[in-house]
$ cat upload_4.csv   # CSV, C-alpha atoms and all ligand atoms
chain,number,residue,atom,x,y,z
Q,31,MET,CA,-8.5,15.7,0.6
Q,32,ARG,CA,-6.9,15.0,-2.8
Q,33,LYS,CA,-4.8,11.9,-3.1
Q,34,LEU,CA,-1.2,12.7,-3.9
Q,35,VAL,CA,1.5,10.0,-4.6
Q,36,VAL,CA,5.2,10.9,-4.5
Q,37,PHE,CA,7.4,8.4,-6.3
Q,38,THR,CA,11.1,8.9,-5.6
Q,39,GLY,CA,14.5,7.6,-6.6
Q,40,ALA,CA,18.1,8.2,-5.7
Q,41,GLY,CA,18.1,11.8,-7.0
Q,42,ILE,CA,16.0,13.1,-4.1
Q,43,SER,CA,18.7,12.0,-1.7
Q,44,ALA,CA,21.6,13.3,-3.8
Q,45,GLU,CA,21.6,16.7,-2.1
Q,46,SER,CA,21.9,14.9,1.2
Q,47,GLY,CA,25.2,13.5,0.0
Q,48,ILE,CA,24.0,10.0,-0.9
Q,49,LYS,CA,25.3,8.8,-4.2
Q,50,THR,CA,22.9,7.9,-7.0
Q,51,PHE,CA,23.4,4.7,-9.1
Q,52,ARG,CA,23.6,5.8,-12.7
Q,53,ASP,CA,25.0,9.3,-12.7
Q,54,SER,CA,28.6,9.7,-13.8
Q,55,ASP,CA,29.9,9.4,-10.2
Q,56,GLY,CA,27.2,6.9,-9.3
Q,57,LEU,CA,27.6,3.6,-7.4
Q,58,TRP,CA,27.3,1.5,-10.5
Q,59,GLU,CA,30.4,3.2,-11.9
Q,60,GLU,CA,32.3,2.1,-8.8
Q,61,TYR,CA,30.8,-1.4,-8.4
Q,62,ASN,CA,29.5,-4.1,-10.8
Q,63,ILE,CA,25.8,-4.7,-10.0
Q,64,MET,CA,26.4,-8.5,-10.5
Q,65,ASP,CA,29.0,-8.5,-7.8
Q,66,VAL,CA,27.0,-6.9,-5.0
Q,67,ALA,CA,23.3,-6.8,-5.8
Q,68,THR,CA,22.1,-10.2,-6.9
Q,69,PRO,CA,21.3,-13.5,-5.2
Q,70,GLU,CA,24.2,-15.0,-7.2
Q,71,ALA,CA,26.6,-12.5,-5.6
Q,72,TRP,CA,25.2,-13.4,-2.2
Q,73,THR,CA,25.9,-17.1,-2.8
Q,74,LYS,CA,29.4,-16.4,-4.3
Q,75,SER,CA,30.7,-13.8,-1.9
Q,76,PRO,CA,28.5,-12.8,1.0
Q,77,GLU,CA,31.4,-10.8,2.6
Q,78,LEU,CA,31.5,-8.5,-0.4
Q,79,VAL,CA,27.7,-8.0,-0.4
Q,80,LEU,CA,27.6,-7.3,3.3
Q,81,GLU,CA,30.5,-4.9,3.0
Q,82,PHE,CA,28.7,-3.0,0.2
Q,83,TYR,CA,25.5,-2.6,2.1
Q,84,ASN,CA,27.3,-1.9,5.4
Q,85,LYS,CA,28.9,1.0,3.6
Q,86,ARG,CA,25.5,2.2,2.3
Q,87,LYS,CA,24.2,2.0,5.8
Q,88,ALA,CA,27.1,4.1,7.2
Q,89,GLN,CA,26.5,6.7,4.5
Q,90,VAL,CA,22.8,6.9,5.3
Q,91,LYS,CA,23.5,7.1,9.0
Q,92,GLY,CA,25.7,10.2,8.4
Q,93,ALA,CA,23.1,11.9,6.1
Q,94,MET,CA,20.3,14.2,6.9
Q,95,PRO,CA,17.0,14.8,5.0
Q,96,ASN,CA,17.2,17.8,2.7
Q,97,LEU,CA,14.6,20.4,1.8
Q,98,ALA,CA,13.0,18.2,-0.8
Q,99,HIS,CA,12.3,15.4,1.7
Q,100,ASN,CA,11.0,18.1,4.1
Q,101,LEU,CA,8.7,19.7,1.5
Q,102,VAL,CA,7.3,16.2,0.6
Q,103,ALA,CA,6.5,15.6,4.3
Q,104,GLU,CA,4.8,19.0,4.6
Q,105,LEU,CA,2.5,18.2,1.7
Q,106,GLU,CA,0.6,16.1,4.3
Q,107,ASP,CA,-0.9,19.4,5.6
Q,108,ASN,CA,-3.0,19.8,2.5
Q,109,PHE,CA,-3.1,16.4,0.8
Q,110,GLU,CA,-3.5,12.7,1.5
Q,111,VAL,CA,0.1,11.8,0.7
Q,112,ARG,CA,1.6,8.4,0.0
Q,113,VAL,CA,5.3,8.1,-0.7
Q,114,ILE,CA,6.6,5.3,-2.8
Q,115,THR,CA,10.4,5.1,-2.8
Q,116,GLN,CA,13.0,3.0,-4.6
Q,117,ASN,CA,15.5,4.3,-2.0
Q,118,ILE,CA,16.9,2.2,0.7
Q,119,ASP,CA,17.6,5.1,3.0
Q,120,ASP,CA,15.2,6.3,5.7
Q,121,LEU,CA,15.3,10.0,4.9
Q,122,HIS,CA,11.6,10.4,4.0
Q,123,GLU,CA,10.7,8.9,7.4
Q,124,ARG,CA,13.2,11.2,9.2
Q,125,ALA,CA,11.8,14.2,7.4
Q,126,GLY,CA,8.4,13.3,8.8
Q,127,SER,CA,6.5,11.5,6.0
Q,128,THR,CA,4.1,9.1,7.7
Q,129,ASP,CA,3.2,6.7,4.9
Q,130,VAL,CA,6.3,5.4,3.0
Q,131,LEU,CA,6.4,2.3,0.9
Q,132,HIS,CA,9.9,1.0,0.2
Q,133,LEU,CA,10.0,-0.9,-3.1
Q,134,HIS,CA,13.6,-2.0,-2.9
Q,135,GLY,CA,13.9,-2.5,0.9
Q,136,ILE,CA,15.6,-0.4,3.5
Q,137,VAL,CA,19.1,-0.5,5.0
Q,138,THR,CA,17.9,-0.5,8.6
Q,139,GLN,CA,16.4,-4.0,8.4
Q,140,ALA,CA,17.9,-7.4,8.0
Q,141,ARG,CA,16.2,-10.6,7.1
Q,142,SER,CA,16.7,-14.3,7.3
Q,143,SER,CA,18.5,-15.7,4.2
Q,144,VAL,CA,16.1,-18.7,4.3
Q,145,ASP,CA,12.8,-17.3,5.4
Q,146,GLU,CA,11.8,-13.9,3.8
Q,147,ASN,CA,9.2,-13.4,6.5
Q,148,LEU,CA,11.7,-13.2,9.3
Q,149,ILE,CA,12.6,-9.5,9.2
Q,150,TYR,CA,14.5,-7.6,11.9
Q,151,ASP,CA,15.1,-4.0,12.7
Q,152,VAL,CA,18.8,-3.7,13.1
Q,153,GLY,CA,19.1,0.1,12.8
Q,154,PHE,CA,22.5,1.3,11.7
Q,155,ASN,CA,24.4,-1.7,13.1
Q,156,ALA,CA,26.4,-3.5,10.5
Q,157,ILE,CA,25.3,-7.0,9.5
Q,158,ASN,CA,28.3,-9.4,9.7
Q,159,LEU,CA,29.0,-12.9,8.7
Q,160,GLY,CA,27.9,-15.1,11.6
Q,161,ASP,CA,24.8,-12.9,12.5
Q,162,LYS,CA,21.9,-15.3,12.4
Q,163,CYS,CA,18.1,-15.3,12.4
Q,164,GLU,CA,16.2,-17.2,15.0
Q,165,LEU,CA,16.3,-20.4,12.9
Q,166,GLY,CA,20.1,-20.2,12.9
Q,167,PHE,CA,20.7,-19.0,9.4
Q,168,GLN,CA,22.8,-16.1,8.2
Q,169,LEU,CA,21.1,-12.7,8.1
Q,170,ARG,CA,21.1,-10.7,4.8
Q,171,PRO,CA,20.2,-7.1,4.1
Q,172,HIS,CA,16.4,-6.6,3.6
Q,173,ILE,CA,17.0,-5.3,0.1
Q,174,VAL,CA,15.4,-6.4,-3.2
Q,175,TRP,CA,18.2,-7.6,-5.5
Q,176,PHE,CA,18.2,-7.7,-9.2
Q,177,GLY,CA,16.4,-10.9,-10.3
Q,178,GLU,CA,14.2,-10.9,-7.2
Q,179,ASP,CA,10.5,-10.2,-6.9
Q,180,VAL,CA,9.3,-6.8,-5.7
Q,181,PRO,CA,6.8,-7.8,-3.0
Q,182,ASN,CA,5.4,-4.2,-2.6
Q,183,MET,CA,4.8,-3.7,-6.3
Q,184,ASN,CA,1.1,-4.5,-6.2
Q,185,ARG,CA,0.5,-2.1,-3.4
Q,186,ALA,CA,2.4,0.6,-5.3
Q,187,TYR,CA,0.2,0.0,-8.4
Q,188,GLU,CA,-2.9,0.3,-6.3
Q,189,LEU,CA,-1.8,3.6,-4.8
Q,190,VAL,CA,-0.7,5.2,-8.1
Q,191,SER,CA,-3.9,4.1,-10.0
Q,192,ASP,CA,-5.9,5.9,-7.4
Q,193,ALA,CA,-3.9,9.1,-7.4
Q,194,ASP,CA,-5.2,12.6,-8.2
Q,195,ILE,CA,-1.7,13.9,-8.4
Q,196,LEU,CA,1.6,12.0,-9.1
Q,197,ILE,CA,5.0,13.6,-8.4
Q,198,ILE,CA,8.1,11.8,-9.6
Q,199,ILE,CA,11.4,12.9,-8.2
Q,200,GLY,CA,15.0,11.9,-9.1
Q,201,THR,CA,14.7,8.6,-10.8
Q,202,SER,CA,16.2,7.6,-14.2
Q,203,LEU,CA,13.2,5.3,-14.7
Q,204,ASN,CA,15.6,2.5,-15.8
Q,205,VAL,CA,14.6,-0.2,-13.4
Q,206,HIS,CA,11.5,-2.2,-13.9
Q,207,PRO,CA,8.9,-3.0,-12.6
Q,208,ALA,CA,9.1,0.3,-10.6
Q,209,ALA,CA,9.7,2.5,-13.7
Q,210,GLY,CA,6.4,1.4,-15.1
Q,211,LEU,CA,4.4,3.0,-12.3
Q,212,ILE,CA,3.9,6.2,-14.3
Q,213,ASN,CA,1.7,4.3,-16.8
Q,214,ASP,CA,-0.7,3.3,-14.0
Q,215,ALA,CA,-1.7,6.8,-13.0
Q,216,PRO,CA,-5.2,7.8,-14.2
Q,217,THR,CA,-5.1,9.7,-17.5
Q,218,LYS,CA,-6.8,12.7,-15.9
Q,219,SER,CA,-4.4,12.9,-12.9
Q,220,LYS,CA,-1.8,15.7,-12.9
Q,221,LYS,CA,1.7,14.5,-13.1
Q,222,TYR,CA,5.0,16.3,-12.3
Q,223,LEU,CA,8.5,15.0,-12.9
Q,224,ILE,CA,11.4,16.7,-11.1
Q,225,ASP,CA,14.9,15.8,-12.4
Q,226,PRO,CA,17.8,18.0,-13.5
Q,227,ASN,CA,18.5,15.7,-16.4
Q,228,GLU,CA,16.5,14.7,-19.5
Q,229,ILE,CA,14.3,11.7,-18.6
Q,230,ARG,CA,12.7,9.6,-21.3
Q,231,VAL,CA,9.1,9.0,-20.3
Q,232,PRO,CA,6.4,7.1,-22.1
Q,233,ASP,CA,3.7,9.2,-23.8
Q,234,THR,CA,1.8,10.5,-20.8
Q,235,ASP,CA,-1.1,12.9,-20.5
Q,236,ASN,CA,-1.0,15.9,-18.2
Q,237,LEU,CA,2.8,15.7,-17.5
Q,238,ILE,CA,4.8,18.7,-16.4
Q,239,MET,CA,8.6,18.4,-16.4
Q,240,ILE,CA,10.5,20.5,-13.9
Q,241,LYS,CA,14.1,20.3,-14.9
Q,242,GLU,CA,15.7,21.1,-11.6
Q,243,LYS,CA,17.4,19.5,-8.7
Q,244,ALA,CA,15.0,18.0,-6.1
Q,245,THR,CA,15.3,20.9,-3.6
Q,246,THR,CA,14.7,23.7,-6.2
Q,247,GLY,CA,12.1,21.6,-8.1
Q,248,MET,CA,10.1,20.9,-4.9
Q,249,GLN,CA,10.0,24.6,-4.0
Q,250,GLN,CA,8.7,25.4,-7.5
Q,251,LEU,CA,6.2,22.6,-7.3
Q,252,VAL,CA,4.8,23.7,-3.9
Q,253,LYS,CA,4.0,27.1,-5.5
Q,254,LEU,CA,2.3,25.4,-8.5
Q,255,LEU,CA,0.2,23.2,-6.2
Q,256,ASN,CA,-0.9,26.3,-4.2
K,301,LIG,P1,19.5,6.4,-10.8
K,301,LIG,O1,20.9,6.5,-10.3
K,301,LIG,O2,19.3,5.4,-11.9
K,301,LIG,O3,18.9,7.8,-11.3
K,301,LIG,C1,19.1,8.9,-10.4
K,301,LIG,C2,18.3,10.0,-11.0
K,301,LIG,O4,18.4,11.1,-10.2
K,301,LIG,C3,18.8,10.5,-12.4
K,301,LIG,O5,17.7,10.6,-13.3
K,301,LIG,C4,19.5,11.8,-12.1
K,301,LIG,O6,19.3,12.7,-13.2
K,301,LIG,C5,18.7,12.3,-10.9
K,301,LIG,N1,19.4,13.3,-10.1
K,301,LIG,C6,20.7,13.4,-9.8
K,301,LIG,N2,20.9,14.4,-8.9
K,301,LIG,C7,19.7,14.9,-8.6
K,301,LIG,C8,19.2,15.9,-7.7
K,301,LIG,N3,20.0,16.7,-7.0
K,301,LIG,N4,17.8,16.1,-7.6
K,301,LIG,C9,17.0,15.4,-8.4
K,301,LIG,N5,17.4,14.4,-9.2
K,301,LIG,C10,18.7,14.2,-9.3
K,301,LIG,O7,18.6,6.0,-9.5
K,301,LIG,P2,17.2,5.3,-9.4
K,301,LIG,O8,16.4,5.7,-10.6
K,301,LIG,O9,16.6,5.6,-8.1
K,301,LIG,O10,17.8,-0.6,-7.2
K,301,LIG,O11,17.6,3.8,-9.5
K,301,LIG,C11,16.6,2.8,-9.4
K,301,LIG,C12,17.1,1.6,-8.8
K,301,LIG,O12,18.3,1.2,-9.5
K,301,LIG,C13,17.6,1.7,-7.4
K,301,LIG,O13,16.5,1.7,-6.5
K,301,LIG,C14,18.6,0.6,-7.2
K,301,LIG,C15,19.3,0.8,-8.5
K,301,LIG,O14,20.0,-0.2,-9.0
K,301,LIG,C16,18.3,-1.7,-6.5
K,301,LIG,O15,19.4,-1.7,-6.0
K,301,LIG,C17,17.4,-2.8,-6.6
$ encode --input "upload_4.csv" --output "structure tokens" --more "lines below"
Ligand code: OAD
Amino acid sequence: MRKLVVFTGAGISAESGIKTFRDSDGLWEEYNIMDVATPEAWTKSPELVLEFYNKRKAQVKGAMPNLAHNLVAELEDNFEVRVITQNIDDLHERAGSTDVLHLHGIVTQARSSVDENLIYDVGFNAINLGDKCELGFQLRPHIVWFGEDVPNMNRAYELVSDADILIIIGTSLNVHPAAGLINDAPTKSKKYLIDPNEIRVPDTDNLIMIKEKATTGMQQLVKLLN
């Protein structure tokens, strides 16, 4: 079977009611990144950081996968599919995708604030001040913050560099290193980018832009792939 990699950002979950980051009503209009999504913010005001991610978690809990997530999952009938997502929601998994790599973490996990290997499934329960890991230290969200390493990046490069087809959905390609993945796809591989807005992409061979929302764009793409 042909190897297909789907690389997603906040835009694929927009039609599920989850806010993107950089659109005009996005989260980074409402919050300052430096106040809620950095190690410095965690040191300065862990309550605010926990409140921010507990709200994200509640939003994800109330959301359902949309047709775009479902169609991505259905691609597994005909392709060897790997999903790489920047999203911290679990909507790809709930739609049925079986191989999902989260580059920026996931809201349903917590981890020790002193040992990054101590990771816990906490589901949709809030993380509160006083919730501790087995070593007795405060739990933090299992999220990659600005300024932190992206531990799954090497695996993502491996997957993309071996892809026959790369589909990119709903990302402004603003955040590195994730945004650089498109450069790692083989020159001969087919590439599709679905986004309703103009996205600036580095010079890339074999790239087809589908300027649509994720649900419409995925329906068009499924027809193209068939
Ligand atoms: P952005 O908010 O930067 O970009 C969202 C993209 O989705 C934009 O290109 C929109 O045009 C597009 N979009 C909006 N509605 C859409 C729809 N219905 N269908 C398809 N696309 C739509 O989000 P990301 O690129 O995912 O990182 O942001 C990357 C990272 O920046 C996030 O993972 C997060 C953030 O700060 C961390 O928190 C570490």
$ atom_distance --input "upload_4.csv" --atom1 "atom CA of Asp214 of chain Q" --atom2 "atom CA of Pro232 of chain Q"
11.4 Å
$ residues_near_point --input "upload_4.csv" --point "(25.3, 6.8, 2.3)" --cutoff "9 Å" --atoms "all atoms listed in the file" --output "number ranges by chain"
Q: 46-49, 85-93, 119
$ closest_residue --input "upload_4.csv" --among "Q:Val174, Q:Ile118, Q:Val35, Q:Ala186" --to "Val102 of chain Q" --atoms "all atoms listed in the file"
Q:Val35
$ closest_residue --input "upload_4.csv" --among "Q:Leu131, Q:Val231, Q:Ala208, Q:Ile42" --to "ligand LIG 301 (chain K)" --atoms "all atoms listed in the file"
Q:Ile42
$ residues_around --input "upload_4.csv" --residues "segment 140-148 of chain Q" --least-positions-apart "5" --cutoff "8 Å" --atoms "all atoms listed in the file" --output "PyMOL selection string"
chain Q and resi 157+162-163+167-172
$ residues_near_ligand --input "upload_4.csv" --ligand "ligand LIG 301 (chain K)" --cutoff "6 Å" --atoms "all atoms listed in the file" --output "VMD selection string"
chain Q and resid 39 to 42 44 to 45 50 to 53 116 to 117 134 174 to 176 200 to 203 205 225 to 227 243 to 244
$ atom_distance --input "upload_4.csv" --atom1 "atom CA of Leu34 of chain Q" --atom2 "atom CA of Leu189 of chain Q"
9.2 Å
$ residues_around --input "upload_4.csv" --residues "Ile63 of chain Q" --least-positions-apart "3" --cutoff "12 Å" --atoms "only C-alpha atoms" --output "list in words"
Phe51, Arg52, Gly56, Leu57, Trp58, Glu59, Glu60, Val66, Ala67, Thr68, Pro69, Glu70, Ala71, Trp72, Leu78, Val79, Phe82, Trp175, Phe176 and Gly177 of chain Q
$ closest_residue --input "upload_4.csv" --among "Q:Glu77, Q:Asp233, Q:Glu104, Q:Asp65" --to "Gln249 of chain Q" --atoms "only C-alpha atoms"
Q:Glu104
$ residues_near_point --input "upload_4.csv" --point "(3.7, 12.7, -7.0)" --cutoff "7 Å" --atoms "all atoms listed in the file" --output "PyMOL selection string"
chain Q and resi 34-37+195-198+221-222
$ atom_distance --input "upload_4.csv" --atom1 "atom CA of Arg230 of chain Q" --atom2 "atom CA of Glu188 of chain Q"
23.6 Å
$ closest_residue --input "upload_4.csv" --among "Q:Leu255, Q:Leu165, Q:Leu237, Q:Ile136" --to "Leu121 of chain Q" --atoms "only C-alpha atoms"
Q:Ile136
$ residues_around --input "upload_4.csv" --residues "Gly153 of chain Q" --least-positions-apart "6" --cutoff "8 Å" --atoms "all atoms listed in the file" --output "number ranges by chain"
Q: 137-139
$ closest_residue --input "upload_4.csv" --among "Q:Ala156, Q:Pro95, Q:Asn236, Q:Thr245" --to "Asp120 of chain Q" --atoms "only C-alpha atoms"
Q:Pro95
